[in-house]
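Engineer: Sharing a structure below in structure tokens format, with a few things to ask.
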Amino acid sequence: MQLVIRRYCPSDKDAVLTLFSNGMQEHILPCFYNAMTSPLYLAISLALCVAGYLLGSVLGAVVLPGAWVGLLYYCCHDLYASLVREIVQKDMQDIPGIFLSRPDDCFWVAEAEVDGRAQIMGTVAVVAKLRGEERHADLCRMIVSPSYRRMGLGFRLAQTAVDFCKERGFSKMMLETSSPATAAVALYEKLGFSHVLSYTETQLCVWKVMLTRVKVVIMEKHL
């Protein structure tokens with residue numbers, strides 16, 4: 001399959017929104033697994049199992065830890081569903097206005113022909129930022145279709161953004177991702193990004209963020 005990386009056009013909107021939503025929700029299971037397999041949460045599950053058995057019956061030993069696991073999965077699912085809603089409402093409904101209205105911003109899509117039809121297989125965007133006299137760029141909306149992973153597409157998309165930022169004279173690039181996205185972090189490190197900071201997201205429901213143990217990871221690359 002031949003693949004072309006090009007600027008976004010309005011006819012891409014539905015495909016881009018679907019790809020973005022599906023890509024974000026793929027983090028739900030890794031998030032749940034990372035939280036559930038932590039020593040603390042394994043201990044809580046075991047304690048609830050024992051408590052349920054001592055207070056009731058074998059059924060109680062199943063129901064109590066089951067309720068705990070269900071709550072944890074709900075929090076992981078709702079956390080990423082909320083992120084999708086927030087981001088879509090914030091800028092994905094008006095990609096031309098947010099990402100293509102200034103010369104130092106851009107939004108790219110990776111398009112491939114599959115069974116005679118052009119399909120969007122990935123996206124990436126760059127937004128210019130100014131802090132004092134320093135101009136840097138934020139790398140964002142990086143999504144790759146599952147059918148095109150481990151084939152170098154993510155690297156090509158990110159490199160396209162890096163080359164654009166170098167041409168525009170930015171001093172550095174920055175990005176945010178979430179701690180369950182280990183494959184994305186590894187890709188960014190391969191591209192020369194380094195870890196700067198990790199923090200807990202505070203704009204979403206605090207108790208859900210605390211339960212899921214998700215952190216925002218900030219990375220940067222000097223150009």
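Starting from 1 in every chain, residues are counted up; chains themselves are A, B, ... following the order of the structure tokens, and ligands are numbered from 1 as listed.
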Residues of range 3-220 of chain A in strand (DSSP E) according to DSSP, as a PyMOL selection string?
Structural biologist: chain A and resi 3-7+106-114+117-131+134-144+172-178+194-199+216-220
Engineer: I'd like the contact shell of Leu48 in chain A - 10 Å cut-off, only C-alpha atoms, skipping same-chain residues fewer than 5 positions apart - returned as a PDB file with N, CA, C and O atoms, in the first residue's frame.
Structural biologist:
ATOM      1  N   LEU A  42      -3.529  -4.950  43.984  1.00  0.00           N
ATOM      2  CA  LEU A  42      -3.612  -6.394  44.166  1.00  0.00           C
ATOM      3  C   LEU A  42      -3.892  -6.722  45.629  1.00  0.00           C
ATOM      4  O   LEU A  42      -4.681  -7.630  45.936  1.00  0.00           O
ATOM      5  N   ALA A  43      -3.269  -5.963  46.533  1.00  0.00           N
ATOM      6  CA  ALA A  43      -3.503  -6.169  47.964  1.00  0.00           C
ATOM      7  C   ALA A  43      -4.941  -5.817  48.335  1.00  0.00           C
ATOM      8  O   ALA A  43      -5.570  -6.513  49.143  1.00  0.00           O
ATOM      9  N   TYR A  53     -15.448 -13.064  52.238  1.00  0.00           N
ATOM     10  CA  TYR A  53     -15.617 -14.447  52.705  1.00  0.00           C
ATOM     11  C   TYR A  53     -15.915 -14.492  54.203  1.00  0.00           C
ATOM     12  O   TYR A  53     -16.789 -15.239  54.658  1.00  0.00           O
ATOM     13  N   LEU A  54     -15.198 -13.670  54.979  1.00  0.00           N
ATOM     14  CA  LEU A  54     -15.389 -13.676  56.431  1.00  0.00           C
ATOM     15  C   LEU A  54     -16.735 -13.073  56.840  1.00  0.00           C
ATOM     16  O   LEU A  54     -17.350 -13.512  57.817  1.00  0.00           O
ATOM     17  N   GLY A  60     -19.798 -13.574  48.622  1.00  0.00           N
ATOM     18  CA  GLY A  60     -19.250 -12.291  49.060  1.00  0.00           C
ATOM     19  C   GLY A  60     -17.793 -12.137  48.689  1.00  0.00           C
ATOM     20  O   GLY A  60     -17.328 -11.032  48.370  1.00  0.00           O
ATOM     21  N   ALA A  61     -17.060 -13.245  48.699  1.00  0.00           N
ATOM     22  CA  ALA A  61     -15.642 -13.209  48.343  1.00  0.00           C
ATOM     23  C   ALA A  61     -15.443 -12.908  46.860  1.00  0.00           C
ATOM     24  O   ALA A  61     -14.354 -12.507  46.451  1.00  0.00           O
ATOM     25  N   VAL A  62     -16.494 -13.106  46.091  1.00  0.00           N
ATOM     26  CA  VAL A  62     -16.434 -12.798  44.663  1.00  0.00           C
ATOM     27  C   VAL A  62     -16.999 -11.409  44.375  1.00  0.00           C
ATOM     28  O   VAL A  62     -16.434 -10.643  43.590  1.00  0.00           O
ATOM     29  N   VAL A  63     -18.094 -11.070  45.048  1.00  0.00           N
ATOM     30  CA  VAL A  63     -18.789  -9.816  44.754  1.00  0.00           C
ATOM     31  C   VAL A  63     -17.960  -8.599  45.154  1.00  0.00           C
ATOM     32  O   VAL A  63     -17.842  -7.632  44.373  1.00  0.00           O
ATOM     33  N   LEU A  64     -17.380  -8.606  46.342  1.00  0.00           N
ATOM     34  CA  LEU A  64     -16.631  -7.428  46.800  1.00  0.00           C
ATOM     35  C   LEU A  64     -15.433  -7.100  45.912  1.00  0.00           C
ATOM     36  O   LEU A  64     -15.309  -5.958  45.431  1.00  0.00           O
ATOM     37  N   PRO A  65     -14.544  -8.051  45.664  1.00  0.00           N
ATOM     38  CA  PRO A  65     -13.435  -7.709  44.749  1.00  0.00           C
ATOM     39  C   PRO A  65     -13.915  -7.445  43.328  1.00  0.00           C
ATOM     40  O   PRO A  65     -13.322  -6.630  42.606  1.00  0.00           O
ATOM     41  N   GLY A  66     -15.015  -8.110  42.924  1.00  0.00           N
ATOM     42  CA  GLY A  66     -15.560  -7.854  41.593  1.00  0.00           C
ATOM     43  C   GLY A  66     -16.053  -6.425  41.450  1.00  0.00           C
ATOM     44  O   GLY A  66     -15.869  -5.792  40.402  1.00  0.00           O
ATOM     45  N   ALA A  67     -16.696  -5.921  42.513  1.00  0.00           N
ATOM     46  CA  ALA A  67     -17.169  -4.537  42.496  1.00  0.00           C
ATOM     47  C   ALA A  67     -15.992  -3.564  42.421  1.00  0.00           C
ATOM     48  O   ALA A  67     -16.047  -2.541  41.723  1.00  0.00           O
ATOM     49  N   TRP A  68     -14.905  -3.885  43.123  1.00  0.00           N
ATOM     50  CA  TRP A  68     -13.703  -3.050  43.115  1.00  0.00           C
ATOM     51  C   TRP A  68     -13.077  -3.015  41.719  1.00  0.00           C
ATOM     52  O   TRP A  68     -12.733  -1.950  41.192  1.00  0.00           O
TER      53      TRP A  68
END
Engineer: Skipping near chain neighbours, those fewer than 3 positions away, what residues fall within 9 Å of Ile5 in chain A using only C-alpha atoms, listed as a list in words?
Structural biologist: Trp108, Val109, Ala110, Glu111, Ala112, Gly122, Thr123, Arg156, Leu157 and Thr160 of chain A
Engineer: In terms of the shortest atom-to-atom distance over only C-alpha atoms, which of A:Val88, A:Leu130, A:Cys9, A:Val144 is closest to Phe107 in chain A?
Structural biologist: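 Result for the nearest residue to Phe107 in chain A: A:Cys9.
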Engineer: Leaving out Ala35 in chain A and any residue of its chain fewer than 3 positions from it, which residues lie within 12 Å of it when counting only C-alpha atoms, given as an MDAnalysis selection string?
Structural biologist: chainID A and resid 28:32 38:45 68:69 71:73 75:76 179:180 208:215
Engineer: With distances taken over only C-alpha atoms, which residue among A:Met24, A:Cys140, A:Ile120, A:Met36 lies nearest Arg85 in chain A?
Structural biologist: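 For Arg85 in chain A, the nearest of the candidates is A:Met24.
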Engineer: Using Å and a single decimal, report how far CA of Met173 in chain A sits from CA of Asp138 in chain A.
Structural biologist: 5.7 Å
Engineer: Report as JSON, numbers by chain: the residues of range 6-214 of chain A with a DSSP assignment of alpha helix (DSSP H), based on the backbone of this structure.
Structural biologist: {"A": [13, 14, 15, 16, 17, 18, 19, 20, 21, 22, 23, 24, 25, 28, 29, 30, 31, 32, 33, 34, 35, 36, 39, 40, 41, 42, 43, 44, 45, 46, 47, 48, 49, 50, 51, 52, 53, 54, 55, 58, 59, 60, 61, 62, 63, 64, 65, 66, 67, 68, 69, 70, 71, 72, 73, 74, 75, 76, 77, 78, 79, 80, 81, 82, 83, 84, 85, 86, 87, 88, 89, 90, 95, 96, 97, 98, 99, 153, 154, 155, 156, 157, 158, 159, 160, 161, 162, 163, 164, 165, 166, 167, 182, 183, 184, 185, 186, 187, 188, 189, 190, 206, 207, 208, 209, 210, 211, 212]}
Engineer: Could you tell me which of A:Lys166, A:Lys90, A:Arg6, A:Lys172 comes closest to Lys129 in chain A if we count only C-alpha atoms?
Structural biologist: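 Ranked by minimum distance to Lys129 in chain A, first place goes to A:Lys172.
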Engineer: Env of Gly23 in chain A: 9 Å cut, atoms = only C-alpha atoms, seq-sep filter 5 positions within chain, self excluded. Answer as a compact mmCIF listing (two decimals) with N, CA, C and O atoms, in the first residue's frame.
Structural biologist:
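Contents of the output file around36.txt:
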# COMPACT_ATOMS: atom_id res chain seq x y z
N THR A 18 -13.00 9.84 13.92
CA THR A 18 -13.15 8.42 14.26
C THR A 18 -11.82 7.81 14.66
O THR A 18 -11.72 7.09 15.66
N ILE A 143 -1.84 10.15 16.19
CA ILE A 143 -2.60 8.89 16.23
C ILE A 143 -2.22 8.07 15.00
O ILE A 143 -2.10 8.61 13.89
N VAL A 144 -2.02 6.76 15.19
CA VAL A 144 -1.73 5.85 14.09
C VAL A 144 -2.73 4.69 14.14
O VAL A 144 -2.97 4.11 15.20
N SER A 145 -3.31 4.37 12.99
CA SER A 145 -4.25 3.25 12.91
C SER A 145 -3.57 1.94 13.30
O SER A 145 -2.40 1.73 12.96
N PRO A 146 -4.26 1.06 14.02
CA PRO A 146 -3.67 -0.23 14.42
C PRO A 146 -3.12 -1.02 13.24
O PRO A 146 -2.11 -1.71 13.37
Engineer: Compile the contact shell of Gly97 in chain A as a list in words: residues with an atom at most 12 Å away, counting only C-alpha atoms, same-chain residues fewer than 2 positions apart removed.
Structural biologist: Tyr8, Cys9, Pro10, Lys90, Asp91, Met92, Gln93, Asp94, Ile95, Phe99, Leu100, Ser101, Arg102, Pro103, Asp105, Cys106, Phe107 and Val127 of chain A
Engineer: Keeping only N, CA and C atoms, write those residues as a PDB file, in the first residue's frame.
Structural biologist:
ATOM      1  N   TYR A   8      -4.110  18.343   6.133  1.00  0.00           N
ATOM      2  CA  TYR A   8      -5.534  18.037   6.350  1.00  0.00           C
ATOM      3  C   TYR A   8      -6.412  18.873   5.426  1.00  0.00           C
ATOM      4  N   CYS A   9      -7.508  18.274   4.968  1.00  0.00           N
ATOM      5  CA  CYS A   9      -8.529  19.023   4.233  1.00  0.00           C
ATOM      6  C   CYS A   9      -9.891  18.726   4.862  1.00  0.00           C
ATOM      7  N   PRO A  10     -10.880  19.616   4.715  1.00  0.00           N
ATOM      8  CA  PRO A  10     -12.165  19.470   5.410  1.00  0.00           C
ATOM      9  C   PRO A  10     -12.860  18.125   5.184  1.00  0.00           C
ATOM     10  N   LYS A  90     -12.864  21.019  22.104  1.00  0.00           N
ATOM     11  CA  LYS A  90     -11.907  22.118  22.185  1.00  0.00           C
ATOM     12  C   LYS A  90     -11.347  22.519  20.830  1.00  0.00           C
ATOM     13  N   ASP A  91     -10.906  21.528  20.034  1.00  0.00           N
ATOM     14  CA  ASP A  91     -10.270  21.919  18.771  1.00  0.00           C
ATOM     15  C   ASP A  91     -10.507  20.988  17.582  1.00  0.00           C
ATOM     16  N   MET A  92     -10.962  19.758  17.805  1.00  0.00           N
ATOM     17  CA  MET A  92     -11.091  18.837  16.680  1.00  0.00           C
ATOM     18  C   MET A  92     -12.318  19.115  15.816  1.00  0.00           C
ATOM     19  N   GLN A  93     -13.251  19.932  16.313  1.00  0.00           N
ATOM     20  CA  GLN A  93     -14.409  20.294  15.508  1.00  0.00           C
ATOM     21  C   GLN A  93     -14.073  21.376  14.487  1.00  0.00           C
ATOM     22  N   ASP A  94     -12.953  22.072  14.700  1.00  0.00           N
ATOM     23  CA  ASP A  94     -12.562  23.153  13.786  1.00  0.00           C
ATOM     24  C   ASP A  94     -11.065  23.051  13.518  1.00  0.00           C
ATOM     25  N   ILE A  95     -10.665  21.976  12.883  1.00  0.00           N
ATOM     26  CA  ILE A  95      -9.246  21.763  12.612  1.00  0.00           C
ATOM     27  C   ILE A  95      -8.657  22.852  11.722  1.00  0.00           C
ATOM     28  N   PHE A  99      -5.702  24.671  13.572  1.00  0.00           N
ATOM     29  CA  PHE A  99      -4.391  24.139  13.192  1.00  0.00           C
ATOM     30  C   PHE A  99      -3.862  24.617  11.845  1.00  0.00           C
ATOM     31  N   LEU A 100      -4.689  25.273  11.040  1.00  0.00           N
ATOM     32  CA  LEU A 100      -4.234  25.627   9.694  1.00  0.00           C
ATOM     33  C   LEU A 100      -4.388  27.103   9.367  1.00  0.00           C
ATOM     34  N   SER A 101      -4.773  27.905  10.329  1.00  0.00           N
ATOM     35  CA  SER A 101      -5.024  29.324  10.055  1.00  0.00           C
ATOM     36  C   SER A 101      -3.760  30.179  10.172  1.00  0.00           C
ATOM     37  N   ARG A 102      -2.688  29.634  10.736  1.00  0.00           N
ATOM     38  CA  ARG A 102      -1.433  30.366  10.877  1.00  0.00           C
ATOM     39  C   ARG A 102      -0.312  29.595  10.172  1.00  0.00           C
ATOM     40  N   PRO A 103       0.658  30.295   9.606  1.00  0.00           N
ATOM     41  CA  PRO A 103       1.717  29.605   8.843  1.00  0.00           C
ATOM     42  C   PRO A 103       2.605  28.700   9.698  1.00  0.00           C
ATOM     43  N   ASP A 105       1.545  26.785  12.186  1.00  0.00           N
ATOM     44  CA  ASP A 105       0.773  25.635  12.663  1.00  0.00           C
ATOM     45  C   ASP A 105       0.493  24.707  11.479  1.00  0.00           C
ATOM     46  N   CYS A 106       0.281  23.441  11.767  1.00  0.00           N
ATOM     47  CA  CYS A 106      -0.082  22.528  10.682  1.00  0.00           C
ATOM     48  C   CYS A 106      -0.716  21.260  11.245  1.00  0.00           C
ATOM     49  N   PHE A 107      -1.527  20.621  10.417  1.00  0.00           N
ATOM     50  CA  PHE A 107      -2.168  19.350  10.762  1.00  0.00           C
ATOM     51  C   PHE A 107      -2.030  18.442   9.542  1.00  0.00           C
ATOM     52  N   VAL A 127       1.436  23.035  16.845  1.00  0.00           N
ATOM     53  CA  VAL A 127       0.885  24.348  17.190  1.00  0.00           C
ATOM     54  C   VAL A 127       2.009  25.216  17.741  1.00  0.00           C
TER      55      VAL A 127
END
Engineer: Provide the CA of Phe164 in chain A to CA of Val124 in chain A distance in Å, to one decimal place.
Structural biologist: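 Computing the Euclidean distance for CA of Phe164 in chain A and CA of Val124 in chain A yields 11.7 Å.
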